[in-house]
file my_file_28.csv (CSV, C-alpha atoms)
chain,number,residue,atom,x,y,z
R,19,MET,CA,2.7,-2.6,-24.6
R,20,ARG,CA,3.2,0.8,-23.2
R,21,PRO,CA,6.8,2.1,-22.8
R,22,ALA,CA,8.4,1.3,-19.5
R,23,PHE,CA,9.6,3.9,-17.0
R,24,ARG,CA,13.1,3.6,-15.6
R,25,LEU,CA,13.5,2.7,-12.0
R,26,SER,CA,16.2,0.7,-10.3
R,27,ALA,CA,15.5,-2.8,-9.1
R,28,ALA,CA,16.3,-1.9,-5.5
R,29,LEU,CA,14.0,1.2,-5.5
R,30,LEU,CA,11.2,-0.8,-7.2
R,31,LEU,CA,11.3,-3.4,-4.4
R,32,CYS,CA,11.3,-0.7,-1.7
R,33,ALA,CA,8.5,1.3,-3.3
R,34,THR,CA,5.9,-1.1,-4.4
R,35,VAL,CA,5.9,-4.2,-2.2
R,36,LEU,CA,4.5,-5.1,1.1
R,37,SER,CA,7.8,-6.0,2.8
R,38,ALA,CA,10.0,-3.3,1.3
R,39,CYS,CA,13.7,-4.1,1.6
R,40,ALA,CA,14.7,-6.8,4.1
R,41,PRO,CA,17.9,-8.5,2.8
R,42,ALA,CA,18.5,-10.6,5.8
R,43,ALA,CA,15.0,-12.2,5.7
R,44,HIS,CA,15.4,-12.5,1.9
R,45,THR,CA,18.5,-14.6,2.3
R,46,SER,CA,16.8,-16.9,4.9
R,47,ALA,CA,13.6,-17.4,2.9
R,48,THR,CA,15.5,-18.0,-0.4
R,49,ALA,CA,17.7,-20.6,1.3
R,50,GLN,CA,14.5,-22.4,2.4
R,51,GLY,CA,13.0,-22.0,-1.1
R,52,GLY,CA,10.0,-20.1,0.2
R,53,ILE,CA,9.8,-17.0,-2.1
R,54,LEU,CA,6.6,-17.3,-4.2
R,55,PRO,CA,7.2,-16.7,-8.0
R,56,ASP,CA,5.3,-14.2,-10.2
R,57,SER,CA,3.1,-17.0,-11.4
R,58,ALA,CA,1.7,-17.4,-8.0
R,59,ALA,CA,-0.2,-14.1,-8.4
R,60,PRO,CA,-2.7,-12.9,-11.0
R,61,ASP,CA,-1.5,-10.8,-14.0
R,62,GLU,CA,-2.8,-7.3,-13.0
R,63,ARG,CA,-2.6,-6.1,-16.5
R,64,LEU,CA,-5.6,-8.2,-17.2
R,65,VAL,CA,-7.3,-7.6,-13.8
R,66,LEU,CA,-7.3,-3.8,-13.8
R,67,ALA,CA,-9.3,-1.6,-16.1
R,68,PRO,CA,-7.5,1.2,-18.0
R,69,PRO,CA,-6.9,4.5,-16.2
R,70,PRO,CA,-9.2,7.4,-17.1
R,71,ALA,CA,-8.7,8.7,-20.6
R,72,PRO,CA,-7.5,12.3,-21.2
R,73,GLY,CA,-10.6,14.6,-21.4
R,74,SER,CA,-12.9,12.1,-19.7
R,75,ALA,CA,-15.2,12.9,-16.8
R,76,ALA,CA,-13.1,10.5,-14.6
R,77,GLN,CA,-9.9,12.4,-15.5
R,78,SER,CA,-11.7,15.7,-14.8
R,79,ASP,CA,-12.6,14.4,-11.3
R,80,ASP,CA,-9.0,13.3,-10.8
R,81,ASP,CA,-7.8,16.8,-11.7
R,82,ARG,CA,-10.4,18.4,-9.3
R,83,VAL,CA,-9.5,16.2,-6.4
R,84,PHE,CA,-5.7,16.8,-6.9
R,85,HIS,CA,-6.1,20.6,-6.9
R,86,VAL,CA,-8.5,20.8,-4.0
R,87,THR,CA,-6.4,18.6,-1.7
R,88,ARG,CA,-3.3,20.8,-2.1
R,89,ALA,CA,-5.1,23.0,0.6
R,90,LEU,CA,-4.3,20.2,3.1
R,91,LYS,CA,-0.7,21.1,3.2
R,92,ASP,CA,0.7,21.2,6.8
R,93,THR,CA,-2.6,20.0,8.4
R,94,PRO,CA,-2.7,16.9,10.6
R,95,ARG,CA,-4.0,14.9,7.6
R,96,TRP,CA,-1.0,16.0,5.6
R,97,LYS,CA,1.4,14.8,8.3
R,98,LEU,CA,-0.5,11.5,8.5
R,99,ALA,CA,0.0,11.1,4.7
R,100,GLN,CA,3.7,11.8,5.2
R,101,SER,CA,3.9,9.1,7.8
R,102,ASP,CA,2.0,6.7,5.5
R,103,ALA,CA,4.6,7.3,2.7
R,104,ASP,CA,7.1,5.3,4.7
R,105,LEU,CA,7.1,1.7,3.4
R,106,ASP,CA,9.5,0.2,5.8
R,107,PRO,CA,7.7,-3.0,6.7
R,108,ALA,CA,8.0,-2.5,10.4
R,109,HIS,CA,6.5,1.0,10.0
R,110,VAL,CA,3.6,-0.2,7.8
R,111,VAL,CA,2.7,-2.9,10.3
R,112,ARG,CA,2.8,-0.4,13.1
R,113,ASP,CA,0.5,1.9,11.2
R,114,PHE,CA,-2.3,-0.6,12.0
R,115,SER,CA,-1.8,-0.4,15.8
R,116,CYS,CA,-4.7,1.9,16.5
R,117,ALA,CA,-7.0,-0.4,14.4
R,118,ALA,CA,-5.8,-3.5,16.3
R,119,GLY,CA,-5.9,-1.8,19.7
R,120,PHE,CA,-2.2,-2.6,20.5
R,121,GLU,CA,1.2,-1.6,19.3
R,122,ILE,CA,2.2,-4.1,16.6
R,123,ASP,CA,5.9,-4.8,16.6
R,124,LEU,CA,7.1,-6.8,13.6
R,125,ALA,CA,10.3,-7.7,15.5
R,126,ARG,CA,8.2,-9.8,17.8
R,127,ALA,CA,6.4,-11.5,14.8
R,128,PRO,CA,9.0,-13.5,12.8
R,129,HIS,CA,6.4,-15.6,11.0
R,130,LEU,CA,4.5,-12.5,10.0
R,131,ALA,CA,7.8,-11.1,8.6
R,132,ARG,CA,8.4,-14.3,6.8
R,133,VAL,CA,4.9,-14.2,5.1
R,134,LEU,CA,5.7,-10.7,3.9
R,135,GLU,CA,9.0,-11.8,2.5
R,136,ARG,CA,7.6,-14.8,0.8
R,137,ILE,CA,5.0,-12.7,-1.1
R,138,ARG,CA,7.2,-9.7,-1.7
R,139,HIS,CA,8.5,-10.8,-5.1
R,140,ALA,CA,5.2,-11.7,-6.6
R,141,VAL,CA,3.4,-8.6,-5.4
R,142,GLY,CA,6.3,-6.3,-6.4
R,143,HIS,CA,6.7,-7.7,-9.9
R,144,ARG,CA,3.0,-7.9,-10.7
R,145,THR,CA,2.5,-4.3,-9.6
R,146,SER,CA,5.6,-3.2,-11.6
R,147,ASP,CA,4.3,-4.9,-14.7
R,148,VAL,CA,1.0,-3.0,-14.7
R,149,LYS,CA,2.7,0.3,-13.8
R,150,LYS,CA,4.9,-0.1,-16.8
R,151,TYR,CA,2.1,-1.1,-19.0
R,152,TRP,CA,-0.1,2.0,-18.4
R,153,HIS,CA,2.9,4.4,-17.9
R,154,ARG,CA,0.6,7.0,-16.4
R,155,THR,CA,2.0,10.4,-15.5
R,156,ARG,CA,1.7,11.5,-11.8
R,157,PRO,CA,-0.5,14.4,-11.0
R,158,PHE,CA,2.2,16.8,-9.8
R,159,VAL,CA,4.3,16.5,-13.0
R,160,GLY,CA,4.4,19.9,-14.7
R,161,THR,CA,3.1,21.8,-11.8
R,162,ASN,CA,4.7,23.7,-8.9
R,163,LEU,CA,2.0,22.6,-6.5
R,164,PRO,CA,3.1,21.0,-3.1
R,165,ILE,CA,3.3,17.3,-2.5
R,166,CYS,CA,3.9,15.7,0.8
R,167,THR,CA,7.0,13.7,-0.1
R,168,SER,CA,10.0,14.1,-2.4
R,169,PRO,CA,9.3,13.3,-6.0
R,170,GLU,CA,12.8,11.8,-6.3
R,171,GLY,CA,12.6,8.1,-7.1
R,172,LEU,CA,8.8,8.0,-7.5
R,173,GLY,CA,8.9,7.3,-11.2
R,174,LEU,CA,7.2,10.2,-12.9
R,175,ASN,CA,5.2,7.9,-15.2
R,176,ALA,CA,4.5,5.2,-12.6
R,177,SER,CA,1.2,6.5,-11.3
R,178,TYR,CA,-1.3,3.7,-12.1
R,179,PRO,CA,-2.0,1.8,-9.9
R,180,SER,CA,-0.7,3.2,-6.6
R,181,GLY,CA,2.0,1.0,-5.3
R,182,HIS,CA,1.8,2.5,-1.8
R,183,THR,CA,-1.9,1.8,-1.8
R,184,THR,CA,-1.2,-1.8,-2.9
R,185,ALA,CA,1.2,-2.1,0.0
R,186,GLY,CA,-1.0,-0.5,2.7
R,187,TYR,CA,-4.2,-2.1,1.7
R,188,GLY,CA,-2.4,-5.4,1.1
R,189,MET,CA,-1.1,-5.2,4.7
R,190,ALA,CA,-4.6,-4.5,5.9
R,191,LEU,CA,-6.0,-7.5,4.1
R,192,LEU,CA,-3.2,-9.7,5.6
R,193,LEU,CA,-3.8,-8.4,9.1
R,194,ALA,CA,-7.5,-8.7,8.8
R,195,HIS,CA,-7.0,-12.3,7.7
R,196,LEU,CA,-4.9,-12.9,10.8
R,197,MET,CA,-7.1,-10.9,13.2
R,198,PRO,CA,-10.6,-11.2,11.9
R,199,GLU,CA,-11.9,-9.9,15.2
R,200,HIS,CA,-10.4,-6.5,14.3
R,201,ALA,CA,-11.1,-6.7,10.5
R,202,SER,CA,-13.4,-3.8,10.2
R,203,ALA,CA,-11.1,-1.3,11.8
R,204,ILE,CA,-8.0,-2.7,10.1
R,205,LEU,CA,-9.6,-2.5,6.6
R,206,GLN,CA,-10.8,1.1,7.4
R,207,ARG,CA,-7.2,2.0,8.2
R,208,GLY,CA,-6.1,0.4,5.0
R,209,ARG,CA,-8.5,2.7,3.1
R,210,VAL,CA,-7.1,5.7,4.9
R,211,PHE,CA,-3.6,4.6,4.0
R,212,GLY,CA,-4.5,4.6,0.3
R,213,GLU,CA,-6.2,8.0,0.6
R,214,SER,CA,-3.0,9.3,2.0
R,215,ARG,CA,-1.6,9.1,-1.5
R,216,ILE,CA,-4.3,11.5,-2.7
R,217,VAL,CA,-3.4,13.9,0.1
R,218,CYS,CA,0.3,13.6,-0.8
R,219,GLY,CA,-0.4,14.5,-4.4
R,220,ALA,CA,1.7,11.5,-5.5
R,221,HIS,CA,-1.3,9.8,-7.1
R,222,TRP,CA,-4.6,10.5,-8.8
R,223,LYS,CA,-7.8,9.4,-7.0
R,224,SER,CA,-8.3,6.7,-9.6
R,225,ASP,CA,-4.8,5.4,-9.0
R,226,VAL,CA,-5.7,4.8,-5.4
R,227,GLN,CA,-9.0,3.1,-6.3
R,228,ALA,CA,-7.1,0.8,-8.6
R,229,GLY,CA,-4.5,0.1,-5.8
R,230,TYR,CA,-7.3,-1.3,-3.6
R,231,LEU,CA,-8.3,-3.7,-6.4
R,232,ASN,CA,-4.7,-4.5,-7.2
R,233,ALA,CA,-4.1,-5.4,-3.5
R,234,SER,CA,-7.3,-7.3,-3.2
R,235,SER,CA,-6.8,-9.5,-6.2
R,236,LEU,CA,-3.2,-10.2,-5.4
R,237,MET,CA,-3.8,-11.0,-1.7
R,238,ASP,CA,-7.0,-13.1,-2.3
R,239,VAL,CA,-4.9,-15.5,-4.4
R,240,LEU,CA,-1.7,-15.4,-2.4
R,241,LEU,CA,-3.2,-15.9,1.0
R,242,ALA,CA,-4.9,-19.1,-0.2
R,243,ARG,CA,-1.5,-20.6,-1.2
R,244,PRO,CA,-1.1,-24.0,0.6
R,245,GLU,CA,2.6,-23.3,1.3
R,246,LEU,CA,1.8,-20.2,3.3
R,247,GLN,CA,-0.7,-21.7,5.7
R,248,ASP,CA,1.7,-22.8,8.4
R,249,ASP,CA,3.4,-19.4,8.5
R,250,LEU,CA,0.0,-17.7,8.6
R,251,ALA,CA,-1.2,-19.8,11.5
R,252,ALA,CA,2.0,-19.1,13.4
R,253,ALA,CA,1.7,-15.4,12.6
R,254,ARG,CA,-1.8,-15.3,14.1
R,255,GLN,CA,-0.5,-16.8,17.3
R,256,GLU,CA,2.3,-14.2,17.4
R,257,LEU,CA,-0.2,-11.4,17.2
R,258,LEU,CA,-2.5,-12.9,19.8
R,259,ALA,CA,0.4,-13.2,22.2
R,260,MET,CA,1.5,-9.7,21.5
R,261,GLN,CA,-2.0,-8.3,22.1
R,262,GLY,CA,-1.8,-9.3,25.7
R,263,THR,CA,1.5,-7.5,26.5
R,264,ALA,CA,2.0,-4.7,23.9
R,265,PRO,CA,1.5,-1.0,24.8
R,266,VAL,CA,-1.7,0.9,24.0
R,267,PRO,CA,-1.3,3.0,20.8
R,268,ASP,CA,-0.9,6.8,21.1
R,269,ALA,CA,-4.4,8.4,21.6
R,270,GLY,CA,-3.5,11.5,19.5
R,271,THR,CA,-2.4,9.4,16.6
R,272,CYS,CA,-5.5,7.3,16.8
R,273,ALA,CA,-7.7,10.5,16.8
R,274,VAL,CA,-6.0,11.8,13.6
R,275,GLU,CA,-6.6,8.4,11.9
R,276,HIS,CA,-10.2,8.4,13.0
R,277,ASP,CA,-10.8,11.8,11.7
R,278,ALA,CA,-9.2,10.8,8.3
R,279,ALA,CA,-11.5,7.8,8.2
R,280,ILE,CA,-14.7,9.7,8.6
R,281,HIS,CA,-13.7,12.4,6.1
R,282,SER,CA,-13.0,10.1,3.2
R,283,LEU,CA,-11.3,11.7,0.1
R,284,LEU,CA,-13.1,9.2,-2.0
R,285,SER,CA,-16.3,11.2,-1.4
R,286,GLU,CA,-15.0,14.6,-0.3
R,287,PRO,CA,-14.6,17.3,-1.3

call {"tool": "encode", "arguments": {"input": "my_file_28.csv", "output": "structure tokens"}}
result
Amino acid sequence: MRPAFRLSAALLLCATVLSACAPAAHTSATAQGGILPDSAAPDERLVLAPPPAPGSAAQSDDDRVFHVTRALKDTPRWKLAQSDADLDPAHVVRDFSCAAGFEIDLARAPHLARVLERIRHAVGHRTSDVKKYWHRTRPFVGTNLPICTSPEGLGLNASYPSGHTTAGYGMALLLAHLMPEHASAILQRGRVFGESRIVCGAHWKSDVQAGYLNASSLMDVLLARPELQDDLAAARQELLAMQGTAPVPDAGTCAVEHDAAIHSLLSEP
């Protein structure tokens, strides 16, 4: 087992899970016995391949992408990455408004909030376990190159897989499950959310790619759990009702997201 990085429990839950910190919902869900245990989700230490080895072609590509993308500082794509760094659950849900075609308000979707809370523990701990196992150093460590967010609290050796990508793409998978009629656009936005971590300089390209797989394997299993089905069905009805009354997303924001989607950092530069 690789040495573990030190990160407080509170920060861990805020930084690596789909629902971030929501103590009131936690109390309610715990009282109802609804929080899913770690055992409900797959062990990602077995699912994910190792990160690129030092000196490998894959690590050389990671190095290249990190250095080239520093030129994005202060561009609209950089600002989108800064916004995507915010893992407050209401903010992450709202990030998918352009993809859905209406402003998604988590305050109007208590069953969706409950689903997020019920899976939070399993997603957070499984992601933490694999981060600790690989103990990979983040790309900005040892450089003076810009990153789009403060390094404080990131965990300098917590790079693989990307927890933010797990959160963002996991949210995309959940919302696509609830709104299959918008699945393509939602999943595209989830990809962009992950790529924002490359723009930020907080993760290597391969961390983000592993984050997509991490989210996919976790959500594939968790969304099939029988005890979530009633909440998922109710969450879909909440979103359908919201769609008819919610404001249209900001056109400028949607344009920046669209441009990011068609200029993928997984194939460019």

call {"tool": "axis_aligned_box", "arguments": {"input": "my_file_28.csv", "around": "region 57-74 of chain R", "padding_each_side": "6 Å", "output": "JSON"}}
result
{"center_x": -4.9, "center_y": -1.4, "center_z": -14.7, "size_x": 28.0, "size_y": 44.0, "size_z": 25.4}

call {"tool": "atom_distance", "arguments": {"input": "my_file_28.csv", "atom1": "CA of Gly219 (chain R)", "atom2": "CA of Leu193 (chain R)"}}
result
26.8 Å

call {"tool": "closest_atom_pairs", "arguments": {"input": "my_file_28.csv", "of": "region 94-169 of chain R", "to": "region 229-237 of chain R", "cutoff": "10 Å", "atoms": "all atoms listed in the file", "output": "tab-separated table"}}
result
residue	atom	partner	partner_atom	distance
R:Ile137	CA	R:Met237	CA	9.0
R:Ala140	CA	R:Leu236	CA	8.6
R:Val141	CA	R:Leu236	CA	6.8
R:Arg144	CA	R:Leu236	CA	8.5
R:Thr145	CA	R:Asn232	CA	7.6
R:Val148	CA	R:Asn232	CA	9.5

call {"tool": "atom_distance", "arguments": {"input": "my_file_28.csv", "atom1": "CA of Gly160 (chain R)", "atom2": "CA of Ala99 (chain R)"}}
result
21.8 Å

call {"tool": "residues_around", "arguments": {"input": "my_file_28.csv", "residues": "Leu246 (chain R)", "least_positions_apart": "3", "cutoff": "12 Å", "atoms": "all atoms listed in the file", "output": "list of chain:residue names"}}
result
R:Gly52, R:Ile53, R:Leu54, R:Ala58, R:His129, R:Leu130, R:Arg132, R:Val133, R:Leu134, R:Glu135, R:Arg136, R:Ile137, R:Leu192, R:Met237, R:Val239, R:Leu240, R:Leu241, R:Ala242, R:Arg243, R:Asp249, R:Leu250, R:Ala251, R:Ala252, R:Ala253

call {"tool": "closest_residue", "arguments": {"input": "my_file_28.csv", "among": "R:Pro70, R:Pro94, R:Gly186, R:Pro128", "to": "Cys166 (chain R)", "atoms": "all atoms listed in the file"}}
result
R:Pro94

call {"tool": "closest_residue", "arguments": {"input": "my_file_28.csv", "among": "R:Arg209, R:His109, R:His200, R:Arg154", "to": "Leu258 (chain R)", "atoms": "all atoms listed in the file"}}
result
R:His200

call {"tool": "closest_residue", "arguments": {"input": "my_file_28.csv", "among": "R:Thr93, R:Ser282, R:Asn175, R:Ser146", "to": "Phe158 (chain R)", "atoms": "all atoms listed in the file"}}
result
R:Asn175

call {"tool": "residues_near_point", "arguments": {"input": "my_file_28.csv", "point": "(-7.9, 3.1, -8.1)", "cutoff": "10 Å", "atoms": "all atoms listed in the file", "output": "number ranges by chain"}}
result
R: 66-67, 69, 178-180, 183-184, 212, 221-232

call {"tool": "residues_around", "arguments": {"input": "my_file_28.csv", "residues": "Thr263 (chain R)", "least_positions_apart": "6", "cutoff": "12 Å", "atoms": "only C-alpha atoms", "output": "ChimeraX atom specification"}}
result
/R:119-123,126,256-257

call {"tool": "closest_residue", "arguments": {"input": "my_file_28.csv", "among": "R:Pro265, R:Pro157, R:Pro107, R:Pro244", "to": "Val83 (chain R)", "atoms": "all atoms listed in the file"}}
result
R:Pro157

call {"tool": "closest_residue", "arguments": {"input": "my_file_28.csv", "among": "R:Asp238, R:Asp277, R:Asp56, R:Glu245", "to": "His143 (chain R)", "atoms": "all atoms listed in the file"}}
result
R:Asp56

call {"tool": "atom_distance", "arguments": {"input": "my_file_28.csv", "atom1": "CA of His276 (chain R)", "atom2": "CA of Ile165 (chain R)"}}
result
22.4 Å

call {"tool": "closest_residue", "arguments": {"input": "my_file_28.csv", "among": "R:Thr87, R:Gln100, R:Thr271, R:Ser115", "to": "Ser168 (chain R)", "atoms": "all atoms listed in the file"}}
result
R:Gln100

call {"tool": "residues_around", "arguments": {"input": "my_file_28.csv", "residues": "Ala176 (chain R)", "least_positions_apart": "5", "cutoff": "8 Å", "atoms": "only C-alpha atoms", "output": "JSON, numbers by chain"}}
result
{"R": [23, 149, 150, 153, 154, 155, 156]}
